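Content type TSV, C-alpha atoms, from the file protein29.tsv:
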```
chain	number	residue	atom	x	y	z
A	1	MET	CA	11.39	15.18	-19.86
A	2	ILE	CA	11.11	11.97	-21.89
A	3	LEU	CA	14.68	11.02	-20.94
A	4	TYR	CA	13.88	11.72	-17.29
A	5	ILE	CA	10.80	9.48	-17.40
A	6	LEU	CA	12.73	6.70	-19.16
A	7	LYS	CA	15.48	6.93	-16.55
A	8	LYS	CA	13.00	6.69	-13.69
A	9	LEU	CA	11.19	3.84	-15.42
A	10	LEU	CA	14.44	1.91	-15.83
A	11	GLN	CA	15.27	2.46	-12.15
A	12	SER	CA	11.81	1.19	-11.19
A	13	ILE	CA	12.19	-1.97	-13.30
A	14	ILE	CA	15.63	-2.69	-11.81
A	15	THR	CA	14.28	-2.19	-8.28
A	16	LEU	CA	11.37	-4.55	-8.94
A	17	PHE	CA	13.77	-7.14	-10.38
A	18	ILE	CA	15.98	-6.96	-7.27
A	19	VAL	CA	13.01	-7.29	-4.89
A	20	LEU	CA	11.53	-10.28	-6.73
A	21	THR	CA	14.91	-12.00	-6.97
A	22	ILE	CA	15.56	-11.61	-3.24
A	23	VAL	CA	12.09	-12.97	-2.41
A	24	PHE	CA	12.65	-15.86	-4.84
A	25	PHE	CA	15.89	-16.91	-3.11
A	26	LEU	CA	14.43	-16.47	0.39
A	27	LEU	CA	11.49	-18.72	-0.46
A	28	ARG	CA	13.86	-21.39	-1.77
A	29	LEU	CA	15.48	-21.47	1.68
A	30	MET	CA	12.21	-22.62	3.26
A	31	PRO	CA	12.00	-26.28	4.44
A	32	GLU	CA	10.75	-28.73	1.82
A	33	GLU	CA	8.05	-30.01	4.17
A	34	GLY	CA	5.89	-27.03	3.38
A	35	TYR	CA	5.43	-28.12	-0.23
A	36	PHE	CA	3.53	-31.23	0.78
A	37	GLY	CA	1.16	-29.87	3.39
A	38	GLU	CA	-0.52	-32.51	5.53
A	39	ASN	CA	0.62	-35.33	3.20
A	40	TYR	CA	4.30	-35.02	4.09
A	41	GLU	CA	4.34	-37.85	6.65
A	42	LYS	CA	2.38	-40.14	4.32
A	43	LEU	CA	4.84	-39.97	1.42
A	44	ASP	CA	8.06	-41.96	1.03
A	45	GLU	CA	11.31	-40.43	-0.19
A	46	ILE	CA	10.80	-41.48	-3.83
A	47	GLN	CA	7.37	-39.85	-3.95
A	48	LYS	CA	8.72	-36.67	-2.37
A	49	GLU	CA	11.57	-36.49	-4.88
A	50	THR	CA	9.16	-37.06	-7.76
A	51	ILE	CA	6.85	-34.25	-6.62
A	52	LEU	CA	9.71	-31.81	-6.07
A	53	THR	CA	11.19	-32.68	-9.47
A	54	GLY	CA	7.80	-32.09	-11.09
A	55	MET	CA	7.70	-28.65	-9.49
A	56	GLY	CA	11.14	-27.88	-10.88
A	57	LEU	CA	12.57	-27.51	-7.39
A	58	LYS	CA	15.38	-29.98	-8.04
A	59	ASP	CA	16.77	-27.92	-10.90
A	60	PRO	CA	19.83	-25.73	-10.21
A	61	ILE	CA	18.76	-22.51	-8.51
A	62	HIS	CA	19.75	-20.30	-11.45
A	63	ILE	CA	17.65	-22.45	-13.80
A	64	GLN	CA	14.68	-22.07	-11.43
A	65	LEU	CA	15.16	-18.29	-11.46
A	66	ILE	CA	15.33	-18.16	-15.25
A	67	ASN	CA	12.20	-20.29	-15.56
A	68	PHE	CA	10.41	-18.02	-13.10
A	69	TYR	CA	11.15	-14.89	-15.12
A	70	ARG	CA	10.32	-16.62	-18.40
A	71	GLY	CA	6.89	-17.48	-17.06
A	72	LEU	CA	6.48	-13.99	-15.65
A	73	LEU	CA	7.19	-12.37	-19.02
A	74	LYS	CA	4.53	-14.60	-20.57
A	75	GLY	CA	1.98	-13.62	-17.92
A	76	ASP	CA	2.19	-17.04	-16.30
A	77	LEU	CA	2.44	-16.72	-12.52
A	78	GLY	CA	2.37	-20.47	-12.05
A	79	LYS	CA	-0.02	-22.70	-10.16
A	80	SER	CA	-0.89	-22.88	-6.51
A	81	ILE	CA	1.01	-25.56	-4.63
A	82	THR	CA	-0.78	-25.99	-1.31
A	83	TYR	CA	-3.51	-23.32	-1.08
A	84	ARG	CA	-5.52	-24.65	-4.04
A	85	PRO	CA	-3.30	-27.29	-5.67
A	86	ASP	CA	-2.86	-27.03	-9.46
A	87	VAL	CA	-5.15	-23.99	-9.76
A	88	ASP	CA	-3.73	-21.06	-11.74
A	89	VAL	CA	-2.48	-18.25	-9.51
A	90	VAL	CA	-4.06	-15.67	-11.84
A	91	SER	CA	-7.54	-17.13	-11.37
A	92	ILE	CA	-7.12	-17.13	-7.58
A	93	LEU	CA	-6.02	-13.50	-7.55
A	94	LYS	CA	-8.87	-12.45	-9.84
A	95	ALA	CA	-11.32	-13.60	-7.19
A	96	LYS	CA	-9.44	-11.80	-4.38
A	97	ILE	CA	-8.47	-8.46	-5.89
A	98	PRO	CA	-12.03	-6.98	-6.09
A	99	TYR	CA	-12.48	-7.20	-2.30
A	100	SER	CA	-9.19	-5.40	-1.61
A	101	LEU	CA	-9.96	-2.85	-4.32
A	102	LYS	CA	-13.42	-1.99	-3.00
A	103	SER	CA	-12.40	-1.69	0.63
A	104	GLY	CA	-9.25	0.21	-0.33
A	105	LEU	CA	-11.11	2.72	-2.49
A	106	ALA	CA	-13.65	3.33	0.27
A	107	ALA	CA	-10.87	3.82	2.83
A	108	LEU	CA	-8.97	6.10	0.46
A	109	THR	CA	-12.03	8.29	-0.12
A	110	PHE	CA	-12.68	8.59	3.60
A	111	SER	CA	-8.99	9.28	4.38
A	112	LEU	CA	-8.71	12.09	1.84
A	113	ALA	CA	-12.11	13.59	2.73
A	114	ALA	CA	-11.23	13.72	6.42
A	115	GLY	CA	-7.43	14.08	6.48
A	116	ILE	CA	-6.86	17.02	4.13
A	117	PRO	CA	-9.59	19.25	5.64
A	118	LEU	CA	-8.30	18.38	9.11
A	119	GLY	CA	-4.78	19.44	8.11
A	120	ILE	CA	-6.08	22.69	6.61
A	121	THR	CA	-8.12	23.42	9.74
A	122	MET	CA	-5.09	22.74	11.95
A	123	ALA	CA	-2.90	25.07	9.88
A	124	LEU	CA	-5.46	27.89	9.94
A	125	ASN	CA	-5.88	27.50	13.72
A	126	LYS	CA	-2.23	26.99	14.63
A	127	ASP	CA	-1.73	26.54	18.40
A	128	LYS	CA	-5.48	26.79	19.00
A	129	ILE	CA	-7.95	24.15	20.16
A	130	TRP	CA	-8.51	22.49	16.76
A	131	ASP	CA	-4.79	22.28	16.14
A	132	ARG	CA	-4.24	20.66	19.52
A	133	ILE	CA	-7.05	18.16	18.99
A	134	GLY	CA	-5.68	17.23	15.58
A	135	THR	CA	-2.14	16.97	16.91
A	136	GLY	CA	-3.35	14.73	19.73
A	137	TYR	CA	-5.03	12.43	17.20
A	138	ILE	CA	-1.89	12.26	15.05
A	139	VAL	CA	0.32	11.52	18.07
A	140	PHE	CA	-2.07	8.80	19.26
A	141	ILE	CA	-2.18	7.07	15.86
A	142	SER	CA	1.61	7.30	15.53
A	143	ALA	CA	2.47	6.20	19.07
A	144	VAL	CA	-0.03	3.43	19.78
A	145	PRO	CA	0.47	0.10	17.97
A	146	SER	CA	-2.19	-0.19	15.30
A	147	ALA	CA	-3.21	-3.66	16.46
A	148	VAL	CA	-4.37	-2.13	19.77
A	149	TYR	CA	-6.90	0.32	18.35
A	150	TYR	CA	-7.90	-2.10	15.57
A	151	LEU	CA	-8.93	-4.64	18.20
A	152	PHE	CA	-10.58	-1.92	20.31
A	153	ILE	CA	-12.69	-0.87	17.32
A	154	GLN	CA	-13.62	-4.44	16.50
A	155	LEU	CA	-14.56	-5.40	20.05
A	156	TYR	CA	-16.08	-2.23	21.52
A	157	VAL	CA	-17.14	0.08	18.71
A	158	SER	CA	-18.92	-2.81	17.04
A	159	ASP	CA	-20.81	-3.45	20.29
A	160	VAL	CA	-21.78	0.21	20.80
A	161	PHE	CA	-23.09	0.69	17.26
A	162	LYS	CA	-24.27	-2.91	16.79
A	163	LEU	CA	-22.04	-3.49	13.77
A	164	PRO	CA	-20.81	-6.88	12.53
A	165	ILE	CA	-17.33	-7.84	13.73
A	166	LEU	CA	-16.67	-10.07	10.72
A	167	PHE	CA	-17.01	-9.33	7.04
A	168	ASN	CA	-20.05	-10.57	5.14
A	169	VAL	CA	-20.26	-9.84	1.44
A	170	ASP	CA	-24.06	-9.69	1.61
A	171	ASN	CA	-24.14	-7.20	4.51
A	172	ILE	CA	-23.09	-3.65	3.60
A	173	ARG	CA	-22.79	-2.74	7.30
A	174	SER	CA	-19.92	-5.21	7.67
A	175	TRP	CA	-17.77	-2.91	5.50
A	176	ILE	CA	-17.95	-0.01	7.98
A	177	LEU	CA	-15.46	-1.09	10.65
A	178	PRO	CA	-12.79	-2.37	8.24
A	179	VAL	CA	-12.97	0.80	6.16
A	180	ILE	CA	-12.74	3.05	9.23
A	181	SER	CA	-9.84	1.02	10.60
A	182	MET	CA	-8.04	1.19	7.27
A	183	SER	CA	-8.56	4.97	7.11
A	184	LEU	CA	-7.18	6.00	10.50
A	185	ALA	CA	-3.49	6.04	9.58
A	186	GLY	CA	-4.21	7.75	6.26
A	187	ILE	CA	-6.21	10.53	7.94
A	188	ALA	CA	-3.36	11.18	10.39
A	189	SER	CA	-0.77	11.17	7.61
A	190	TYR	CA	-2.66	13.51	5.27
A	191	ALA	CA	-3.51	15.87	8.12
A	192	MET	CA	0.07	15.99	9.41
A	193	TRP	CA	1.65	16.70	6.03
A	194	MET	CA	-1.06	19.15	4.97
A	195	ARG	CA	-0.64	21.12	8.18
A	196	ARG	CA	3.15	21.11	7.90
A	197	TYR	CA	3.28	22.32	4.32
A	198	MET	CA	0.55	24.92	4.81
A	199	VAL	CA	2.26	26.37	7.90
A	200	ASP	CA	5.51	26.56	5.91
A	201	GLU	CA	3.74	28.39	3.09
A	202	LEU	CA	1.87	30.77	5.40
A	203	ASN	CA	5.18	31.96	6.86
A	204	LYS	CA	6.76	32.76	3.50
A	205	ASP	CA	7.34	36.26	2.18
A	206	TYR	CA	4.99	36.01	-0.79
A	207	VAL	CA	2.03	35.50	1.58
A	208	LYS	CA	3.03	38.52	3.64
A	209	LEU	CA	3.39	40.55	0.45
A	210	ALA	CA	-0.02	39.42	-0.81
A	211	ARG	CA	-1.61	40.46	2.47
A	212	ALA	CA	0.19	43.80	2.34
A	213	LYS	CA	-1.28	44.35	-1.13
A	214	GLY	CA	-4.74	43.89	0.30
A	215	LEU	CA	-5.59	40.48	-1.18
A	216	LYS	CA	-8.32	38.65	0.67
A	217	SER	CA	-7.26	35.76	2.91
A	218	ARG	CA	-9.58	33.37	1.03
A	219	SER	CA	-7.96	34.25	-2.29
A	220	ILE	CA	-4.47	33.84	-0.85
A	221	MET	CA	-5.38	30.45	0.61
A	222	ILE	CA	-6.98	29.01	-2.52
A	223	HIS	CA	-4.77	30.43	-5.26
A	224	HIS	CA	-1.40	30.35	-3.53
A	225	VAL	CA	-1.03	28.55	-0.22
A	226	LEU	CA	-3.09	25.44	-0.95
A	227	ARG	CA	-1.64	25.00	-4.42
A	228	ASN	CA	1.95	25.33	-3.23
A	229	ALA	CA	1.32	23.10	-0.20
A	230	PHE	CA	0.07	20.32	-2.46
A	231	VAL	CA	3.31	20.22	-4.48
A	232	PRO	CA	5.51	18.40	-1.91
A	233	MET	CA	2.58	16.10	-1.04
A	234	ALA	CA	2.39	15.00	-4.66
A	235	GLN	CA	5.50	12.86	-4.21
A	236	TYR	CA	3.91	10.78	-1.45
A	237	LEU	CA	0.24	10.69	-2.43
A	238	PRO	CA	0.51	8.12	-5.27
A	239	SER	CA	2.23	5.55	-3.03
A	240	ALA	CA	-0.23	6.14	-0.18
A	241	ILE	CA	-3.20	5.93	-2.53
A	242	LEU	CA	-2.04	2.76	-4.27
A	243	PHE	CA	-1.21	1.01	-1.01
A	244	THR	CA	-4.59	1.95	0.44
A	245	ILE	CA	-6.35	0.58	-2.63
A	246	SER	CA	-4.38	-2.67	-2.48
A	247	GLY	CA	-5.82	-3.43	0.94
A	248	SER	CA	-4.46	-4.03	4.41
A	249	ILE	CA	-2.85	-7.34	5.31
A	250	TYR	CA	-3.69	-7.14	9.01
A	251	ILE	CA	-7.19	-5.66	8.71
A	252	GLU	CA	-8.29	-8.13	6.05
A	253	SER	CA	-7.12	-10.98	8.27
A	254	LEU	CA	-8.76	-9.45	11.34
A	255	TYR	CA	-12.16	-9.06	9.70
A	256	SER	CA	-11.91	-12.20	7.51
A	257	ILE	CA	-12.12	-10.19	4.30
A	258	PRO	CA	-11.32	-12.56	1.39
A	259	GLY	CA	-8.88	-10.13	-0.24
A	260	MET	CA	-5.19	-10.19	-1.10
A	261	GLY	CA	-4.02	-9.12	2.35
A	262	GLY	CA	-5.59	-12.04	4.16
A	263	LEU	CA	-4.52	-14.35	1.33
A	264	LEU	CA	-0.87	-13.38	1.75
A	265	VAL	CA	-0.88	-14.36	5.42
A	266	ASP	CA	-2.52	-17.68	4.57
A	267	VAL	CA	-0.20	-18.65	1.70
A	268	ILE	CA	2.92	-17.77	3.69
A	269	GLN	CA	1.75	-20.14	6.43
A	270	ARG	CA	1.03	-22.81	3.80
A	271	GLN	CA	4.38	-22.12	2.07
A	272	ASP	CA	2.71	-21.69	-1.31
A	273	ASN	CA	5.67	-20.10	-3.08
A	274	ALA	CA	3.87	-19.41	-6.35
A	275	LEU	CA	1.16	-17.38	-4.66
A	276	VAL	CA	3.59	-15.62	-2.33
A	277	GLN	CA	5.71	-14.54	-5.30
A	278	ALA	CA	2.65	-13.32	-7.20
A	279	ILE	CA	1.33	-11.24	-4.28
A	280	VAL	CA	4.78	-9.82	-3.54
A	281	LEU	CA	4.99	-8.91	-7.23
A	282	ILE	CA	1.71	-7.00	-6.97
A	283	TYR	CA	2.59	-5.16	-3.76
A	284	SER	CA	6.12	-4.36	-4.94
A	285	SER	CA	4.80	-3.09	-8.27
A	286	ILE	CA	2.30	-0.89	-6.44
A	287	GLY	CA	4.97	0.65	-4.23
A	288	ILE	CA	7.43	1.23	-7.06
A	289	LEU	CA	4.70	2.59	-9.35
A	290	GLY	CA	3.64	5.00	-6.61
A	291	LEU	CA	7.18	6.36	-6.25
A	292	PHE	CA	7.52	6.62	-10.03
A	293	ILE	CA	4.28	8.58	-10.41
A	294	GLY	CA	5.25	10.77	-7.45
A	295	ASP	CA	8.55	11.75	-9.05
A	296	ILE	CA	6.81	12.60	-12.32
A	297	LEU	CA	4.14	14.66	-10.53
A	298	MET	CA	6.80	16.60	-8.63
A	299	PHE	CA	8.48	17.51	-11.90
A	300	ILE	CA	5.20	18.55	-13.55
A	301	LEU	CA	3.76	20.52	-10.63
A	302	ASP	CA	6.89	22.33	-9.44
A	303	PRO	CA	8.38	24.58	-12.14
A	304	ARG	CA	11.42	25.14	-9.92
A	305	ILE	CA	12.59	21.58	-10.61
A	306	LYS	CA	14.91	21.54	-13.58
A	307	ILE	CA	16.35	18.43	-15.17
A	308	GLN	CA	20.05	18.58	-15.79
A	309	ARG	CA	22.61	16.07	-16.89
A	310	GLY	CA	23.49	13.81	-13.99
A	311	GLY	CA	20.31	14.26	-12.00
A	312	THR	CA	17.34	16.39	-10.98
A	313	ARG	CA	17.63	19.74	-9.18
```

As structure tokens - that is how I would like this structure written.
Amino acid sequence: MILYILKKLLQSIITLFIVLTIVFFLLRLMPEEGYFGENYEKLDEIQKETILTGMGLKDPIHIQLINFYRGLLKGDLGKSITYRPDVDVVSILKAKIPYSLKSGLAALTFSLAAGIPLGITMALNKDKIWDRIGTGYIVFISAVPSAVYYLFIQLYVSDVFKLPILFNVDNIRSWILPVISMSLAGIASYAMWMRRYMVDELNKDYVKLARAKGLKSRSIMIHHVLRNAFVPMAQYLPSAILFTISGSIYIESLYSIPGMGGLLVDVIQRQDNALVQAIVLIYSSIGILGLFIGDILMFILDPRIKIQRGGTR
């Protein structure tokens, strides 16, 4: 198992390296004007060259890449260029992460509390009214662009329930709409997968045998069906959980939440490469970590998975 974990860890590190390197090169293709903000027209060519040289942007591209990874290994993510000039990226992120973390945790709790019971209810009432209602909700969330119902919630639900349409750190009620909006996709996802895996389990021979032996339906559900249905979900839950916790780019921008999601949109517009790279690093690490944990959980929870030379079966 240790070799398996080390192999997966190495794959994760290589994937993260590739993602960061691609983003690094893409950002270097951006026009130089973005590095100067509103001062671009006021500077002459000598001043522009001096500033770019000071940023290390006149070095050969491979030297820039090496310097980037050297700083990264030391925990130095650089300094903001245009968002908050000469301020450490780490200090900026420290102020933003708590907002994304709090809203993400709240949305995660609500998603799990609503989505998994909904999926169980749908599976136990297959082809009945509750299953059809749940299926309709899942289809709606999947088919309609999220921006449509996000805006509907912000404009109309806020008016009906007299809730704030913009975030205010001092008003707890201003968290309600963003958290609900952030939870909708998660609820649909958890419900869909829970229903699917439970229906698969309910149709298997071991369930029929358990019923034939006279075991109670409640015992079969708790000790067999639910446990086995959770095994395939284990591979996807860590990624979904970590992404929910990290916050939503669109929702944070929509509700003016000062978290990482809204910050990413802002720094891309300002062409603040140091901050863009740092946020991409965080989101990429979250996604890769989620997949890594999911693979490990699958191996631990499912005794049918055996590790053999050359791969996992």

Mind running stretch 57-144 of chain A against stretch 182-188 of chain A at 12 Å and telling me each contacting residue's nearest atom pair with the distance in Å (one decimal), counting only C-alpha atoms, chain and number ascending, as a Markdown table?
```
| residue | atom | partner | partner_atom | distance |
| --- | --- | --- | --- | --- |
| A:Ser100 | CA | A:Met182 | CA | 11.1 |
| A:Ser103 | CA | A:Met182 | CA | 8.4 |
| A:Gly104 | CA | A:Met182 | CA | 7.8 |
| A:Leu105 | CA | A:Ser183 | CA | 10.2 |
| A:Ala106 | CA | A:Ser183 | CA | 8.7 |
| A:Ala107 | CA | A:Ser183 | CA | 5.0 |
| A:Leu108 | CA | A:Ser183 | CA | 6.8 |
| A:Thr109 | CA | A:Ser183 | CA | 8.7 |
| A:Phe110 | CA | A:Ser183 | CA | 6.5 |
| A:Ser111 | CA | A:Ile187 | CA | 4.7 |
| A:Leu112 | CA | A:Ile187 | CA | 6.8 |
| A:Ala113 | CA | A:Ile187 | CA | 8.4 |
| A:Ala114 | CA | A:Ile187 | CA | 6.1 |
| A:Gly115 | CA | A:Ile187 | CA | 4.0 |
| A:Ile116 | CA | A:Ile187 | CA | 7.6 |
| A:Pro117 | CA | A:Ile187 | CA | 9.6 |
| A:Leu118 | CA | A:Ile187 | CA | 8.2 |
| A:Gly119 | CA | A:Ala188 | CA | 8.7 |
| A:Met122 | CA | A:Ala188 | CA | 11.8 |
| A:Ile133 | CA | A:Ala188 | CA | 11.7 |
| A:Gly134 | CA | A:Ala188 | CA | 8.3 |
| A:Thr135 | CA | A:Ala188 | CA | 8.8 |
| A:Gly136 | CA | A:Ala188 | CA | 10.0 |
| A:Tyr137 | CA | A:Ala188 | CA | 7.1 |
| A:Ile138 | CA | A:Ala188 | CA | 5.0 |
| A:Val139 | CA | A:Ala188 | CA | 8.5 |
| A:Phe140 | CA | A:Ala188 | CA | 9.3 |
| A:Ile141 | CA | A:Ala185 | CA | 6.5 |
| A:Ser142 | CA | A:Ala185 | CA | 7.9 |
| A:Ala143 | CA | A:Ala185 | CA | 11.2 |
| A:Val144 | CA | A:Ala185 | CA | 11.1 |
```

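Taking atom CA of A:Leu29 and atom CA of A:Gly54 as endpoints, the distance between them is 18.3 Å.
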
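Nearest residue to A:Pro178 among A:Ile51, A:Ser248, A:Leu10, A:Ile66 is A:Ser248, counting all atoms listed in the file.
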
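With distances restricted to all atoms listed in the file, A:Ile257 is the closest residue to A:Lys96 from A:Leu301, A:Ile5, A:Ile257, A:Val280.
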
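The smallest atom-to-atom distance between A:Arg227 and any of A:Leu155, A:Met194, A:Ile129, A:Pro98, using all atoms listed in the file, is found for A:Met194.
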
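Among the candidates A:Ile97, A:Ala212, A:Arg28, A:Leu202, the one nearest to A:Gly262 when counting only C-alpha atoms is A:Ile97.
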
Contacts of A:Tyr150 within 12 Å, all atoms listed in the file, excl. fewer than 2 positions in-chain, as a PyMOL selection string
chain A and resi 141+144-148+152-158+165+177-185+248+250-255

Among A:Leu237, A:Val87, A:Met260, A:Val267, A:Tyr190 is approached most closely, using all atoms listed in the file, by A:Leu237

Pairwise distance, atom CA of A:Gln235 with atom CA of A:Leu291, equals 7.0 Å

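Coordinates place atom CA of A:Leu52 at a distance of 10.5 Å from atom CA of A:Glu33.
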
Using all atoms listed in the file, determine which residues lie at most 10 Å from A:Asn228, disregarding the query and same-chain residues fewer than 5 positions distant; provide the list as a PDB file with C-alpha atoms, keeping the file's coordinate frame.
```pdb
ATOM      1  CA  TYR A 197       3.280  22.320   4.320  1.00  0.00           C
ATOM      2  CA  MET A 198       0.550  24.920   4.810  1.00  0.00           C
ATOM      3  CA  ASP A 200       5.510  26.560   5.910  1.00  0.00           C
ATOM      4  CA  GLU A 201       3.740  28.390   3.090  1.00  0.00           C
ATOM      5  CA  MET A 221      -5.380  30.450   0.610  1.00  0.00           C
ATOM      6  CA  ILE A 222      -6.980  29.010  -2.520  1.00  0.00           C
ATOM      7  CA  HIS A 223      -4.770  30.430  -5.260  1.00  0.00           C
ATOM      8  CA  MET A 233       2.580  16.100  -1.040  1.00  0.00           C
ATOM      9  CA  LEU A 301       3.760  20.520 -10.630  1.00  0.00           C
ATOM     10  CA  ASP A 302       6.890  22.330  -9.440  1.00  0.00           C
TER      11      ASP A 302
END
```

Take stretch 90-115 of chain A, bring it up to N, CA and C atoms, and give me the output as a compact mmCIF listing (two decimals), keeping the file's coordinate frame.
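The new file selection.txt reads:
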```
# COMPACT_ATOMS: atom_id res chain seq x y z
N VAL A 90 -3.32 -16.81 -11.29
CA VAL A 90 -4.06 -15.67 -11.84
C VAL A 90 -5.54 -15.77 -11.51
N SER A 91 -6.11 -16.95 -11.64
CA SER A 91 -7.54 -17.13 -11.37
C SER A 91 -7.85 -16.94 -9.89
N ILE A 92 -6.93 -17.33 -9.02
CA ILE A 92 -7.12 -17.13 -7.58
C ILE A 92 -7.10 -15.65 -7.25
N LEU A 93 -6.15 -14.93 -7.82
CA LEU A 93 -6.02 -13.50 -7.55
C LEU A 93 -7.20 -12.71 -8.11
N LYS A 94 -7.72 -13.13 -9.25
CA LYS A 94 -8.87 -12.45 -9.84
C LYS A 94 -10.07 -12.45 -8.90
N ALA A 95 -10.20 -13.51 -8.13
CA ALA A 95 -11.32 -13.60 -7.19
C ALA A 95 -11.07 -12.77 -5.93
N LYS A 96 -9.79 -12.49 -5.62
CA LYS A 96 -9.44 -11.80 -4.38
C LYS A 96 -9.31 -10.29 -4.54
N ILE A 97 -8.78 -9.87 -5.69
CA ILE A 97 -8.47 -8.46 -5.89
C ILE A 97 -9.68 -7.54 -5.71
N PRO A 98 -10.89 -7.89 -6.24
CA PRO A 98 -12.03 -6.98 -6.09
C PRO A 98 -12.35 -6.59 -4.65
N TYR A 99 -12.19 -7.51 -3.70
CA TYR A 99 -12.48 -7.20 -2.30
C TYR A 99 -11.49 -6.17 -1.76
N SER A 100 -10.20 -6.36 -2.06
CA SER A 100 -9.19 -5.40 -1.61
C SER A 100 -9.40 -4.06 -2.29
N LEU A 101 -9.77 -4.09 -3.56
CA LEU A 101 -9.96 -2.85 -4.32
C LEU A 101 -11.13 -2.04 -3.78
N LYS A 102 -12.24 -2.70 -3.50
CA LYS A 102 -13.42 -1.99 -3.00
C LYS A 102 -13.19 -1.40 -1.62
N SER A 103 -12.65 -2.20 -0.72
CA SER A 103 -12.40 -1.69 0.63
C SER A 103 -11.33 -0.61 0.62
N GLY A 104 -10.31 -0.78 -0.23
CA GLY A 104 -9.25 0.21 -0.33
C GLY A 104 -9.73 1.53 -0.88
N LEU A 105 -10.57 1.49 -1.91
CA LEU A 105 -11.11 2.72 -2.49
C LEU A 105 -11.99 3.46 -1.49
N ALA A 106 -12.79 2.70 -0.75
CA ALA A 106 -13.65 3.33 0.27
C ALA A 106 -12.80 3.97 1.36
N ALA A 107 -11.75 3.27 1.80
CA ALA A 107 -10.87 3.82 2.83
C ALA A 107 -10.11 5.03 2.32
N LEU A 108 -9.69 4.97 1.06
CA LEU A 108 -8.97 6.10 0.46
C LEU A 108 -9.86 7.35 0.41
N THR A 109 -11.09 7.17 -0.03
CA THR A 109 -12.03 8.29 -0.12
C THR A 109 -12.24 8.92 1.25
N PHE A 110 -12.45 8.09 2.25
CA PHE A 110 -12.68 8.59 3.60
C PHE A 110 -11.43 9.28 4.15
N SER A 111 -10.25 8.71 3.88
CA SER A 111 -8.99 9.28 4.38
C SER A 111 -8.75 10.67 3.80
N LEU A 112 -8.93 10.79 2.48
CA LEU A 112 -8.71 12.09 1.84
C LEU A 112 -9.75 13.11 2.28
N ALA A 113 -11.01 12.68 2.37
CA ALA A 113 -12.11 13.59 2.73
C ALA A 113 -11.97 14.10 4.15
N ALA A 114 -11.38 13.30 5.02
CA ALA A 114 -11.23 13.72 6.42
C ALA A 114 -9.84 14.30 6.71
N GLY A 115 -8.80 13.70 6.14
CA GLY A 115 -7.43 14.08 6.48
C GLY A 115 -7.01 15.44 5.98
```
